[in-house]
Protein chains: 6
Amino acid sequence: MPVITVDGPKLTREQKSKLVKAITKVASEIIQLPESSIIVLIEERERDNVGVGGILLSDKD
Amino acid sequence: MPVITVDGPKLTREQKSKLVKAITKVASEIIQLPESSIIVLIEERERDNVGVGGILLSDKD
Amino acid sequence: MPVITVDGPKLTREQKSKLVKAITKVASEIIQLPESSIIVLIEERERDNVGVGGILLSDKD
Amino acid sequence: MPVITVDGPKLTREQKSKLVKAITKVASEIIQLPESSIIVLIEERERDNVGVGGILLSDKD
Amino acid sequence: MPVITVDGPKLTREQKSKLVKAITKVASEIIQLPESSIIVLIEERERDNVGVGGILLSDKD
Amino acid sequence: MPVITVDGPKLTREQKSKLVKAITKVASEIIQLPESSIIVLIEERERDNVGVGGILLSDKD
């Protein structure tokens, strides 16, 4: 059942595959639940849609 | 006020219309709040962005 | 994989059981995925933690 | 650390910039944490993907 | 329809009331939607349940 | 900016500390962003509030 959401920048297909694998592995070991029960959702958010300290990331580029 | 988010696969316009209607109806009946107060948000997530058991859904296709 | 989150008021155990069952059923039928693949997460939010139109729900009681 | 997510309609770049700035300012003042610690995430949701009262917003247009 | 979620520290009732009012006001003005359509959800997260830079906030106290 | 949310079962303080550290490490390496920019939010959800396949986890105990 654990649902892990990664809200971050645009990723390559390879990065996504590695990220899902690695996060599932550590979560399974630490939470002590089978990998098969873990869902990872990736949210790729444009820099226009993220503000840190009151400024859009894209305005910091 | 209930906000119901459906994070799932790509859907047709017709499926979305049916899904919103059906989920709002059952939620209204069970939670006992008027349908007008229920918001349904649909998140269509690419198979590249979903991992189950450490593997991207798109890698299982 | 569909993950459906219901962010709403406090519910009884019976309501939760009914809600999970009913939402899973309609989602499975409309999205055409097996019920076994559908996860429903219930978030019970205090009226102090919900604002509609700029006013806390608990301030409207 | 506060993470503020705005799930709403499509916005112009200018609106996003103003929104991030204004929300970060009021949140910082009221929560009494530095602006630098506040993250704002903007989710632009199509009217096809929002249901209010059981009807898609796009079906109300 | 805009749903704004504030995921942050524990707040007093007064802070919540101010936060909901202020965020709804600026969002309504910038997004140009009526205040009545804006929902604010407050998520009060324990410092044990937040990690920044790999360390729990409560481990930084 | 990456915000990673872990929605899962009740955890001990030690598990949380390990989980935040491990997830931040792998995410930083794969996404190639500094650990300091990564936020992990832990959501401990009661078994009464999770449904899998239409049945509450607590009804499966």
# chains A, B, ... in the order shown; residues from 1 in each chain; ligands from 1
call {"tool": "interface_residues", "arguments": {"of": "chain F", "to": "chain D", "cutoff": "10 Å", "atoms": "only C-alpha atoms", "output": "VMD selection string"}}
result
chain F and resid 1 to 3 39 to 41
call {"tool": "calpha_fit_and_write", "arguments": {"fixed": "chain C", "moving": "chain F", "output": "mmCIF file with N, CA, C and O atoms, in the first residue's frame"}}
result
data_model
loop_
_atom_site.group_PDB
_atom_site.id
_atom_site.type_symbol
_atom_site.label_atom_id
_atom_site.label_comp_id
_atom_site.auth_asym_id
_atom_site.auth_seq_id
_atom_site.Cartn_x
_atom_site.Cartn_y
_atom_site.Cartn_z
ATOM 1 N N MET F 1 -3.141 0.189 -10.185
ATOM 2 C CA MET F 1 -2.411 1.409 -9.858
ATOM 3 C C MET F 1 -3.299 2.574 -9.498
ATOM 4 O O MET F 1 -2.862 3.441 -8.727
ATOM 5 N N PRO F 2 -4.506 2.709 -10.000
ATOM 6 C CA PRO F 2 -5.204 3.931 -9.621
ATOM 7 C C PRO F 2 -5.202 4.157 -8.110
ATOM 8 O O PRO F 2 -5.435 3.199 -7.335
ATOM 9 N N VAL F 3 -4.820 5.355 -7.735
ATOM 10 C CA VAL F 3 -4.848 5.722 -6.316
ATOM 11 C C VAL F 3 -5.878 6.830 -6.153
ATOM 12 O O VAL F 3 -5.760 7.890 -6.759
ATOM 13 N N ILE F 4 -6.919 6.530 -5.380
ATOM 14 C CA ILE F 4 -8.005 7.498 -5.211
ATOM 15 C C ILE F 4 -7.984 8.011 -3.781
ATOM 16 O O ILE F 4 -8.053 7.217 -2.834
ATOM 17 N N THR F 5 -7.821 9.319 -3.629
ATOM 18 C CA THR F 5 -7.752 9.913 -2.290
ATOM 19 C C THR F 5 -9.036 10.675 -1.995
ATOM 20 O O THR F 5 -9.455 11.509 -2.793
ATOM 21 N N VAL F 6 -9.649 10.359 -0.875
ATOM 22 C CA VAL F 6 -10.878 11.046 -0.448
ATOM 23 C C VAL F 6 -10.530 11.936 0.741
ATOM 24 O O VAL F 6 -10.252 11.446 1.836
ATOM 25 N N ASP F 7 -10.488 13.232 0.494
ATOM 26 C CA ASP F 7 -10.129 14.204 1.532
ATOM 27 C C ASP F 7 -11.436 14.837 1.991
ATOM 28 O O ASP F 7 -12.044 15.648 1.290
ATOM 29 N N GLY F 8 -11.897 14.429 3.162
ATOM 30 C CA GLY F 8 -13.221 14.873 3.592
ATOM 31 C C GLY F 8 -13.357 14.874 5.099
ATOM 32 O O GLY F 8 -12.352 14.891 5.821
ATOM 33 N N PRO F 9 -14.603 14.840 5.599
ATOM 34 C CA PRO F 9 -14.848 14.936 7.041
ATOM 35 C C PRO F 9 -14.544 13.617 7.755
ATOM 36 O O PRO F 9 -14.266 12.602 7.115
ATOM 37 N N LYS F 10 -14.638 13.682 9.073
ATOM 38 C CA LYS F 10 -14.506 12.474 9.902
ATOM 39 C C LYS F 10 -15.608 11.487 9.524
ATOM 40 O O LYS F 10 -16.752 11.896 9.282
ATOM 41 N N LEU F 11 -15.266 10.191 9.430
ATOM 42 C CA LEU F 11 -16.244 9.176 9.033
ATOM 43 C C LEU F 11 -16.244 8.049 10.053
ATOM 44 O O LEU F 11 -15.249 7.808 10.748
ATOM 45 N N THR F 12 -17.360 7.327 10.117
ATOM 46 C CA THR F 12 -17.387 6.135 10.960
ATOM 47 C C THR F 12 -16.680 5.003 10.215
ATOM 48 O O THR F 12 -16.508 5.061 8.987
ATOM 49 N N ARG F 13 -16.340 3.945 10.938
ATOM 50 C CA ARG F 13 -15.673 2.788 10.322
ATOM 51 C C ARG F 13 -16.580 2.209 9.230
ATOM 52 O O ARG F 13 -16.119 1.824 8.146
ATOM 53 N N GLU F 14 -17.863 2.188 9.517
ATOM 54 C CA GLU F 14 -18.830 1.615 8.571
ATOM 55 C C GLU F 14 -18.873 2.443 7.274
ATOM 56 O O GLU F 14 -18.854 1.921 6.174
ATOM 57 N N GLN F 15 -18.860 3.782 7.451
ATOM 58 C CA GLN F 15 -18.869 4.646 6.256
ATOM 59 C C GLN F 15 -17.616 4.405 5.426
ATOM 60 O O GLN F 15 -17.664 4.348 4.194
ATOM 61 N N LYS F 16 -16.484 4.267 6.112
ATOM 62 C CA LYS F 16 -15.216 4.061 5.383
ATOM 63 C C LYS F 16 -15.271 2.767 4.572
ATOM 64 O O LYS F 16 -14.865 2.726 3.407
ATOM 65 N N SER F 17 -15.779 1.744 5.214
ATOM 66 C CA SER F 17 -15.849 0.437 4.559
ATOM 67 C C SER F 17 -16.754 0.520 3.315
ATOM 68 O O SER F 17 -16.394 0.053 2.234
ATOM 69 N N LYS F 18 -17.899 1.174 3.467
ATOM 70 C CA LYS F 18 -18.834 1.342 2.344
ATOM 71 C C LYS F 18 -18.210 2.203 1.248
ATOM 72 O O LYS F 18 -18.339 1.906 0.048
ATOM 73 N N LEU F 19 -17.558 3.282 1.660
ATOM 74 C CA LEU F 19 -16.986 4.242 0.707
ATOM 75 C C LEU F 19 -15.907 3.570 -0.147
ATOM 76 O O LEU F 19 -15.905 3.683 -1.371
ATOM 77 N N VAL F 20 -15.018 2.839 0.513
ATOM 78 C CA VAL F 20 -13.923 2.165 -0.200
ATOM 79 C C VAL F 20 -14.504 1.154 -1.193
ATOM 80 O O VAL F 20 -14.101 1.076 -2.349
ATOM 81 N N LYS F 21 -15.505 0.423 -0.742
ATOM 82 C CA LYS F 21 -16.112 -0.616 -1.594
ATOM 83 C C LYS F 21 -16.795 0.023 -2.821
ATOM 84 O O LYS F 21 -16.566 -0.379 -3.959
ATOM 85 N N ALA F 22 -17.589 1.058 -2.560
ATOM 86 C CA ALA F 22 -18.381 1.675 -3.638
ATOM 87 C C ALA F 22 -17.493 2.400 -4.640
ATOM 88 O O ALA F 22 -17.663 2.258 -5.857
ATOM 89 N N ILE F 23 -16.532 3.166 -4.139
ATOM 90 C CA ILE F 23 -15.652 3.932 -5.037
ATOM 91 C C ILE F 23 -14.801 2.976 -5.879
ATOM 92 O O ILE F 23 -14.630 3.163 -7.085
ATOM 93 N N THR F 24 -14.301 1.898 -5.230
ATOM 94 C CA THR F 24 -13.489 0.928 -5.970
ATOM 95 C C THR F 24 -14.309 0.284 -7.077
ATOM 96 O O THR F 24 -13.848 0.117 -8.213
ATOM 97 N N LYS F 25 -15.559 -0.037 -6.774
ATOM 98 C CA LYS F 25 -16.435 -0.696 -7.748
ATOM 99 C C LYS F 25 -16.676 0.181 -8.979
ATOM 100 O O LYS F 25 -16.431 -0.230 -10.113
ATOM 101 N N VAL F 26 -17.095 1.443 -8.737
ATOM 102 C CA VAL F 26 -17.405 2.307 -9.895
ATOM 103 C C VAL F 26 -16.128 2.646 -10.668
ATOM 104 O O VAL F 26 -16.131 2.679 -11.907
ATOM 105 N N ALA F 27 -15.031 2.833 -9.946
ATOM 106 C CA ALA F 27 -13.770 3.181 -10.636
ATOM 107 C C ALA F 27 -13.312 1.998 -11.501
ATOM 108 O O ALA F 27 -12.899 2.170 -12.648
ATOM 109 N N SER F 28 -13.428 0.796 -10.941
ATOM 110 C CA SER F 28 -13.011 -0.404 -11.682
ATOM 111 C C SER F 28 -13.837 -0.552 -12.959
ATOM 112 O O SER F 28 -13.301 -0.801 -14.041
ATOM 113 N N GLU F 29 -15.149 -0.373 -12.849
ATOM 114 C CA GLU F 29 -16.048 -0.528 -14.007
ATOM 115 C C GLU F 29 -15.734 0.517 -15.080
ATOM 116 O O GLU F 29 -15.620 0.203 -16.255
ATOM 117 N N ILE F 30 -15.570 1.778 -14.670
ATOM 118 C CA ILE F 30 -15.436 2.875 -15.646
ATOM 119 C C ILE F 30 -14.022 2.932 -16.233
ATOM 120 O O ILE F 30 -13.836 3.112 -17.436
ATOM 121 N N ILE F 31 -13.011 2.733 -15.355
ATOM 122 C CA ILE F 31 -11.619 2.802 -15.841
ATOM 123 C C ILE F 31 -11.222 1.481 -16.496
ATOM 124 O O ILE F 31 -10.253 1.387 -17.241
ATOM 125 N N GLN F 32 -12.019 0.437 -16.184
ATOM 126 C CA GLN F 32 -11.786 -0.901 -16.745
ATOM 127 C C GLN F 32 -10.433 -1.472 -16.321
ATOM 128 O O GLN F 32 -9.609 -1.887 -17.140
ATOM 129 N N LEU F 33 -10.237 -1.422 -15.014
ATOM 130 C CA LEU F 33 -9.076 -2.061 -14.392
ATOM 131 C C LEU F 33 -9.602 -2.915 -13.228
ATOM 132 O O LEU F 33 -10.635 -2.594 -12.636
ATOM 133 N N PRO F 34 -8.912 -4.009 -12.892
ATOM 134 C CA PRO F 34 -9.404 -4.884 -11.820
ATOM 135 C C PRO F 34 -9.459 -4.166 -10.462
ATOM 136 O O PRO F 34 -8.599 -3.326 -10.182
ATOM 137 N N GLU F 35 -10.463 -4.497 -9.649
ATOM 138 C CA GLU F 35 -10.600 -3.866 -8.331
ATOM 139 C C GLU F 35 -9.312 -4.039 -7.525
ATOM 140 O O GLU F 35 -8.918 -3.154 -6.769
ATOM 141 N N SER F 36 -8.647 -5.179 -7.732
ATOM 142 C CA SER F 36 -7.442 -5.485 -6.935
ATOM 143 C C SER F 36 -6.333 -4.455 -7.154
ATOM 144 O O SER F 36 -5.433 -4.311 -6.327
ATOM 145 N N SER F 37 -6.410 -3.723 -8.276
ATOM 146 C CA SER F 37 -5.334 -2.755 -8.574
ATOM 147 C C SER F 37 -5.640 -1.368 -8.016
ATOM 148 O O SER F 37 -4.851 -0.430 -8.165
ATOM 149 N N ILE F 38 -6.823 -1.208 -7.401
ATOM 150 C CA ILE F 38 -7.259 0.135 -6.983
ATOM 151 C C ILE F 38 -7.025 0.358 -5.479
ATOM 152 O O ILE F 38 -7.426 -0.470 -4.645
ATOM 153 N N ILE F 39 -6.359 1.446 -5.163
ATOM 154 C CA ILE F 39 -6.088 1.835 -3.774
ATOM 155 C C ILE F 39 -6.910 3.092 -3.440
ATOM 156 O O ILE F 39 -6.963 4.015 -4.242
ATOM 157 N N VAL F 40 -7.585 3.059 -2.308
ATOM 158 C CA VAL F 40 -8.329 4.236 -1.853
ATOM 159 C C VAL F 40 -7.723 4.703 -0.531
ATOM 160 O O VAL F 40 -7.555 3.910 0.397
ATOM 161 N N LEU F 41 -7.358 5.963 -0.474
ATOM 162 C CA LEU F 41 -6.793 6.549 0.743
ATOM 163 C C LEU F 41 -7.807 7.544 1.305
ATOM 164 O O LEU F 41 -8.306 8.393 0.564
ATOM 165 N N ILE F 42 -8.111 7.410 2.567
ATOM 166 C CA ILE F 42 -9.083 8.310 3.211
ATOM 167 C C ILE F 42 -8.333 9.285 4.120
ATOM 168 O O ILE F 42 -7.528 8.878 4.965
ATOM 169 N N GLU F 43 -8.583 10.565 3.879
ATOM 170 C CA GLU F 43 -7.982 11.626 4.703
ATOM 171 C C GLU F 43 -9.113 12.320 5.464
ATOM 172 O O GLU F 43 -9.951 12.992 4.865
ATOM 173 N N GLU F 44 -9.173 12.087 6.776
ATOM 174 C CA GLU F 44 -10.214 12.746 7.580
ATOM 175 C C GLU F 44 -9.672 14.090 8.054
ATOM 176 O O GLU F 44 -8.715 14.135 8.839
ATOM 177 N N ARG F 45 -10.253 15.198 7.624
ATOM 178 C CA ARG F 45 -9.721 16.526 7.915
ATOM 179 C C ARG F 45 -10.666 17.257 8.867
ATOM 180 O O ARG F 45 -11.873 17.351 8.595
ATOM 181 N N GLU F 46 -10.095 17.750 9.991
ATOM 182 C CA GLU F 46 -10.883 18.506 10.966
ATOM 183 C C GLU F 46 -11.499 19.748 10.318
ATOM 184 O O GLU F 46 -10.897 20.318 9.402
ATOM 185 N N ARG F 47 -12.641 20.184 10.816
ATOM 186 C CA ARG F 47 -13.288 21.382 10.264
ATOM 187 C C ARG F 47 -12.449 22.634 10.497
ATOM 188 O O ARG F 47 -12.614 23.637 9.799
ATOM 189 N N ASP F 48 -11.543 22.558 11.473
ATOM 190 C CA ASP F 48 -10.592 23.649 11.705
ATOM 191 C C ASP F 48 -9.582 23.762 10.578
ATOM 192 O O ASP F 48 -8.890 24.763 10.459
ATOM 193 N N ASN F 49 -9.432 22.691 9.812
ATOM 194 C CA ASN F 49 -8.372 22.655 8.798
ATOM 195 C C ASN F 49 -8.901 22.757 7.367
ATOM 196 O O ASN F 49 -8.221 22.390 6.418
ATOM 197 N N VAL F 50 -10.131 23.236 7.246
ATOM 198 C CA VAL F 50 -10.722 23.402 5.913
ATOM 199 C C VAL F 50 -11.315 24.804 5.804
ATOM 200 O O VAL F 50 -12.096 25.227 6.662
ATOM 201 N N GLY F 51 -10.915 25.495 4.725
ATOM 202 C CA GLY F 51 -11.499 26.810 4.477
ATOM 203 C C GLY F 51 -12.268 26.786 3.163
ATOM 204 O O GLY F 51 -11.778 26.266 2.165
ATOM 205 N N VAL F 52 -13.468 27.342 3.163
ATOM 206 C CA VAL F 52 -14.252 27.475 1.932
ATOM 207 C C VAL F 52 -14.660 28.940 1.832
ATOM 208 O O VAL F 52 -15.228 29.498 2.782
ATOM 209 N N GLY F 53 -14.307 29.570 0.715
ATOM 210 C CA GLY F 53 -14.659 30.982 0.566
ATOM 211 C C GLY F 53 -13.958 31.872 1.578
ATOM 212 O O GLY F 53 -14.463 32.923 1.956
ATOM 213 N N GLY F 54 -12.790 31.422 2.066
ATOM 214 C CA GLY F 54 -12.009 32.268 2.976
ATOM 215 C C GLY F 54 -12.350 32.116 4.443
ATOM 216 O O GLY F 54 -11.770 32.785 5.292
ATOM 217 N N ILE F 55 -13.280 31.216 4.747
ATOM 218 C CA ILE F 55 -13.687 31.034 6.149
ATOM 219 C C ILE F 55 -13.525 29.570 6.572
ATOM 220 O O ILE F 55 -13.872 28.664 5.811
ATOM 221 N N LEU F 56 -12.969 29.350 7.764
ATOM 222 C CA LEU F 56 -12.830 27.981 8.267
ATOM 223 C C LEU F 56 -14.223 27.363 8.427
ATOM 224 O O LEU F 56 -15.163 28.034 8.875
ATOM 225 N N LEU F 57 -14.366 26.084 8.072
ATOM 226 C CA LEU F 57 -15.674 25.421 8.254
ATOM 227 C C LEU F 57 -16.105 25.510 9.714
ATOM 228 O O LEU F 57 -17.274 25.740 10.016
ATOM 229 N N SER F 58 -15.140 25.370 10.630
ATOM 230 C CA SER F 58 -15.484 25.409 12.062
ATOM 231 C C SER F 58 -15.978 26.799 12.480
ATOM 232 O O SER F 58 -16.695 26.931 13.470
ATOM 233 N N ASP F 59 -15.625 27.813 11.735
ATOM 234 C CA ASP F 59 -16.128 29.162 12.046
ATOM 235 C C ASP F 59 -17.535 29.363 11.494
ATOM 236 O O ASP F 59 -18.184 30.368 11.746
ATOM 237 N N LYS F 60 -17.989 28.398 10.688
ATOM 238 C CA LYS F 60 -19.347 28.490 10.124
ATOM 239 C C LYS F 60 -20.345 27.698 10.976
ATOM 240 O O LYS F 60 -21.543 27.738 10.724
ATOM 241 N N ASP F 61 -19.810 26.915 11.925
ATOM 242 C CA ASP F 61 -20.698 26.043 12.737
ATOM 243 C C ASP F 61 -21.564 26.887 13.684
ATOM 244 O O ASP F 61 -21.109 27.949 14.117
#
call {"tool": "select_by_dssp", "arguments": {"residues": "chain E", "states": "helix (DSSP H, G or I)", "output": "list in words"}}
result
Arg13, Glu14, Gln15, Lys16, Ser17, Lys18, Leu19, Val20, Lys21, Ala22, Ile23, Thr24, Lys25, Val26, Ala27, Ser28, Glu29, Ile30, Ile31, Glu35, Ser36, Ser37, Arg47, Asp48, Asn49, Leu57, Ser58 and Asp59 of chain E
call {"tool": "write_last_selection", "arguments": {"atoms": "N, CA and C atoms", "output": "CSV table (one decimal), in the first residue's frame"}}
result
chain,number,residue,atom,x,y,z
E,13,ARG,N,-5.6,28.1,16.1
E,13,ARG,CA,-6.9,28.3,15.4
E,13,ARG,C,-6.9,29.7,14.7
E,14,GLU,N,-6.3,30.7,15.4
E,14,GLU,CA,-6.3,32.0,14.9
E,14,GLU,C,-5.4,32.1,13.6
E,15,GLN,N,-4.3,31.4,13.7
E,15,GLN,CA,-3.4,31.4,12.5
E,15,GLN,C,-4.1,30.8,11.3
E,16,LYS,N,-4.8,29.7,11.6
E,16,LYS,CA,-5.6,29.0,10.5
E,16,LYS,C,-6.6,29.9,9.9
E,17,SER,N,-7.3,30.6,10.7
E,17,SER,CA,-8.4,31.5,10.2
E,17,SER,C,-7.8,32.6,9.4
E,18,LYS,N,-6.7,33.2,9.9
E,18,LYS,CA,-6.0,34.3,9.1
E,18,LYS,C,-5.4,33.7,7.8
E,19,LEU,N,-4.8,32.5,7.8
E,19,LEU,CA,-4.2,31.9,6.7
E,19,LEU,C,-5.2,31.7,5.6
E,20,VAL,N,-6.3,31.1,6.0
E,20,VAL,CA,-7.4,30.7,5.0
E,20,VAL,C,-7.9,32.0,4.3
E,21,LYS,N,-8.1,33.0,5.2
E,21,LYS,CA,-8.6,34.3,4.7
E,21,LYS,C,-7.7,34.9,3.7
E,22,ALA,N,-6.4,35.0,4.1
E,22,ALA,CA,-5.4,35.8,3.3
E,22,ALA,C,-5.1,35.0,2.0
E,23,ILE,N,-4.9,33.7,2.1
E,23,ILE,CA,-4.6,32.9,0.9
E,23,ILE,C,-5.8,33.0,-0.1
E,24,THR,N,-7.0,32.8,0.4
E,24,THR,CA,-8.2,32.9,-0.5
E,24,THR,C,-8.3,34.2,-1.2
E,25,LYS,N,-8.0,35.3,-0.4
E,25,LYS,CA,-8.0,36.7,-1.0
E,25,LYS,C,-7.1,36.8,-2.2
E,26,VAL,N,-5.8,36.5,-1.9
E,26,VAL,CA,-4.8,36.8,-3.0
E,26,VAL,C,-5.0,35.8,-4.2
E,27,ALA,N,-5.4,34.6,-3.9
E,27,ALA,CA,-5.7,33.6,-5.0
E,27,ALA,C,-6.8,34.1,-5.8
E,28,SER,N,-7.9,34.6,-5.1
E,28,SER,CA,-9.1,35.0,-5.9
E,28,SER,C,-8.7,36.2,-6.8
E,29,GLU,N,-7.9,37.2,-6.2
E,29,GLU,CA,-7.6,38.4,-7.0
E,29,GLU,C,-6.7,38.0,-8.2
E,30,ILE,N,-5.7,37.1,-8.0
E,30,ILE,CA,-4.7,36.8,-9.1
E,30,ILE,C,-5.3,35.8,-10.1
E,31,ILE,N,-6.0,34.8,-9.6
E,31,ILE,CA,-6.6,33.8,-10.5
E,31,ILE,C,-7.9,34.3,-11.1
E,35,GLU,N,-14.0,34.2,-4.4
E,35,GLU,CA,-13.5,33.6,-3.2
E,35,GLU,C,-14.4,32.3,-2.9
E,36,SER,N,-15.6,32.4,-3.2
E,36,SER,CA,-16.5,31.3,-2.8
E,36,SER,C,-16.1,29.9,-3.5
E,37,SER,N,-15.4,30.0,-4.6
E,37,SER,CA,-15.0,28.8,-5.3
E,37,SER,C,-13.7,28.2,-4.8
E,47,ARG,N,7.0,17.5,13.3
E,47,ARG,CA,8.3,17.7,12.8
E,47,ARG,C,9.0,16.3,12.7
E,48,ASP,N,8.5,15.3,13.3
E,48,ASP,CA,9.0,13.9,13.1
E,48,ASP,C,8.7,13.4,11.7
E,49,ASN,N,7.8,14.1,11.0
E,49,ASN,CA,7.3,13.5,9.7
E,49,ASN,C,7.8,14.4,8.5
E,57,LEU,N,13.2,17.1,10.7
E,57,LEU,CA,13.2,18.4,11.4
E,57,LEU,C,13.4,18.2,12.9
E,58,SER,N,12.7,17.2,13.5
E,58,SER,CA,12.8,17.0,14.9
E,58,SER,C,14.2,16.6,15.3
E,59,ASP,N,15.0,16.1,14.4
E,59,ASP,CA,16.4,15.7,14.8
E,59,ASP,C,17.3,17.0,14.7
call {"tool": "decode", "arguments": {"residues": "region 6-21 of chain F", "atoms": "N, CA, C and O atoms", "output": "PDB file, in the first residue's frame"}}
result
ATOM      1  N   VAL F   6       5.741  10.201   1.335  1.00  0.00           N
ATOM      2  CA  VAL F   6       5.614   8.760   1.608  1.00  0.00           C
ATOM      3  C   VAL F   6       4.326   8.542   2.396  1.00  0.00           C
ATOM      4  O   VAL F   6       4.230   8.919   3.565  1.00  0.00           O
ATOM      5  N   ASP F   7       3.330   7.995   1.725  1.00  0.00           N
ATOM      6  CA  ASP F   7       2.020   7.761   2.343  1.00  0.00           C
ATOM      7  C   ASP F   7       1.963   6.275   2.670  1.00  0.00           C
ATOM      8  O   ASP F   7       1.821   5.423   1.791  1.00  0.00           O
ATOM      9  N   GLY F   8       2.122   5.956   3.944  1.00  0.00           N
ATOM     10  CA  GLY F   8       2.238   4.545   4.309  1.00  0.00           C
ATOM     11  C   GLY F   8       1.797   4.291   5.733  1.00  0.00           C
ATOM     12  O   GLY F   8       1.069   5.101   6.321  1.00  0.00           O
ATOM     13  N   PRO F   9       2.243   3.167   6.318  1.00  0.00           N
ATOM     14  CA  PRO F   9       1.797   2.777   7.659  1.00  0.00           C
ATOM     15  C   PRO F   9       2.494   3.598   8.747  1.00  0.00           C
ATOM     16  O   PRO F   9       3.406   4.376   8.464  1.00  0.00           O
ATOM     17  N   LYS F  10       2.044   3.368   9.969  1.00  0.00           N
ATOM     18  CA  LYS F  10       2.692   3.975  11.142  1.00  0.00           C
ATOM     19  C   LYS F  10       4.142   3.503  11.211  1.00  0.00           C
ATOM     20  O   LYS F  10       4.426   2.328  10.941  1.00  0.00           O
ATOM     21  N   LEU F  11       5.072   4.420  11.529  1.00  0.00           N
ATOM     22  CA  LEU F  11       6.493   4.072  11.580  1.00  0.00           C
ATOM     23  C   LEU F  11       7.073   4.508  12.915  1.00  0.00           C
ATOM     24  O   LEU F  11       6.570   5.434  13.565  1.00  0.00           O
ATOM     25  N   THR F  12       8.166   3.859  13.310  1.00  0.00           N
ATOM     26  CA  THR F  12       8.871   4.319  14.504  1.00  0.00           C
ATOM     27  C   THR F  12       9.713   5.538  14.126  1.00  0.00           C
ATOM     28  O   THR F  12       9.994   5.772  12.941  1.00  0.00           O
ATOM     29  N   ARG F  13      10.175   6.268  15.132  1.00  0.00           N
ATOM     30  CA  ARG F  13      11.014   7.452  14.886  1.00  0.00           C
ATOM     31  C   ARG F  13      12.278   7.023  14.132  1.00  0.00           C
ATOM     32  O   ARG F  13      12.738   7.707  13.206  1.00  0.00           O
ATOM     33  N   GLU F  14      12.802   5.880  14.515  1.00  0.00           N
ATOM     34  CA  GLU F  14      14.040   5.384  13.901  1.00  0.00           C
ATOM     35  C   GLU F  14      13.817   5.074  12.410  1.00  0.00           C
ATOM     36  O   GLU F  14      14.603   5.434  11.551  1.00  0.00           O
ATOM     37  N   GLN F  15      12.658   4.442  12.125  1.00  0.00           N
ATOM     38  CA  GLN F  15      12.356   4.137  10.715  1.00  0.00           C
ATOM     39  C   GLN F  15      12.242   5.425   9.912  1.00  0.00           C
ATOM     40  O   GLN F  15      12.723   5.520   8.780  1.00  0.00           O
ATOM     41  N   LYS F  16      11.593   6.423  10.507  1.00  0.00           N
ATOM     42  CA  LYS F  16      11.409   7.699   9.787  1.00  0.00           C
ATOM     43  C   LYS F  16      12.764   8.330   9.465  1.00  0.00           C
ATOM     44  O   LYS F  16      12.996   8.811   8.352  1.00  0.00           O
ATOM     45  N   SER F  17      13.624   8.305  10.454  1.00  0.00           N
ATOM     46  CA  SER F  17      14.943   8.915  10.284  1.00  0.00           C
ATOM     47  C   SER F  17      15.717   8.193   9.165  1.00  0.00           C
ATOM     48  O   SER F  17      16.290   8.825   8.278  1.00  0.00           O
ATOM     49  N   LYS F  18      15.670   6.866   9.183  1.00  0.00           N
ATOM     50  CA  LYS F  18      16.347   6.066   8.151  1.00  0.00           C
ATOM     51  C   LYS F  18      15.717   6.309   6.782  1.00  0.00           C
ATOM     52  O   LYS F  18      16.421   6.443   5.766  1.00  0.00           O
ATOM     53  N   LEU F  19      14.391   6.340   6.751  1.00  0.00           N
ATOM     54  CA  LEU F  19      13.657   6.478   5.487  1.00  0.00           C
ATOM     55  C   LEU F  19      13.984   7.818   4.821  1.00  0.00           C
ATOM     56  O   LEU F  19      14.300   7.876   3.635  1.00  0.00           O
ATOM     57  N   VAL F  20      13.943   8.882   5.612  1.00  0.00           N
ATOM     58  CA  VAL F  20      14.218  10.224   5.079  1.00  0.00           C
ATOM     59  C   VAL F  20      15.648  10.277   4.534  1.00  0.00           C
ATOM     60  O   VAL F  20      15.909  10.771   3.443  1.00  0.00           O
ATOM     61  N   LYS F  21      16.566   9.699   5.286  1.00  0.00           N
ATOM     62  CA  LYS F  21      17.984   9.729   4.887  1.00  0.00           C
ATOM     63  C   LYS F  21      18.193   8.939   3.578  1.00  0.00           C
ATOM     64  O   LYS F  21      18.794   9.431   2.626  1.00  0.00           O
TER      65      LYS F  21
END
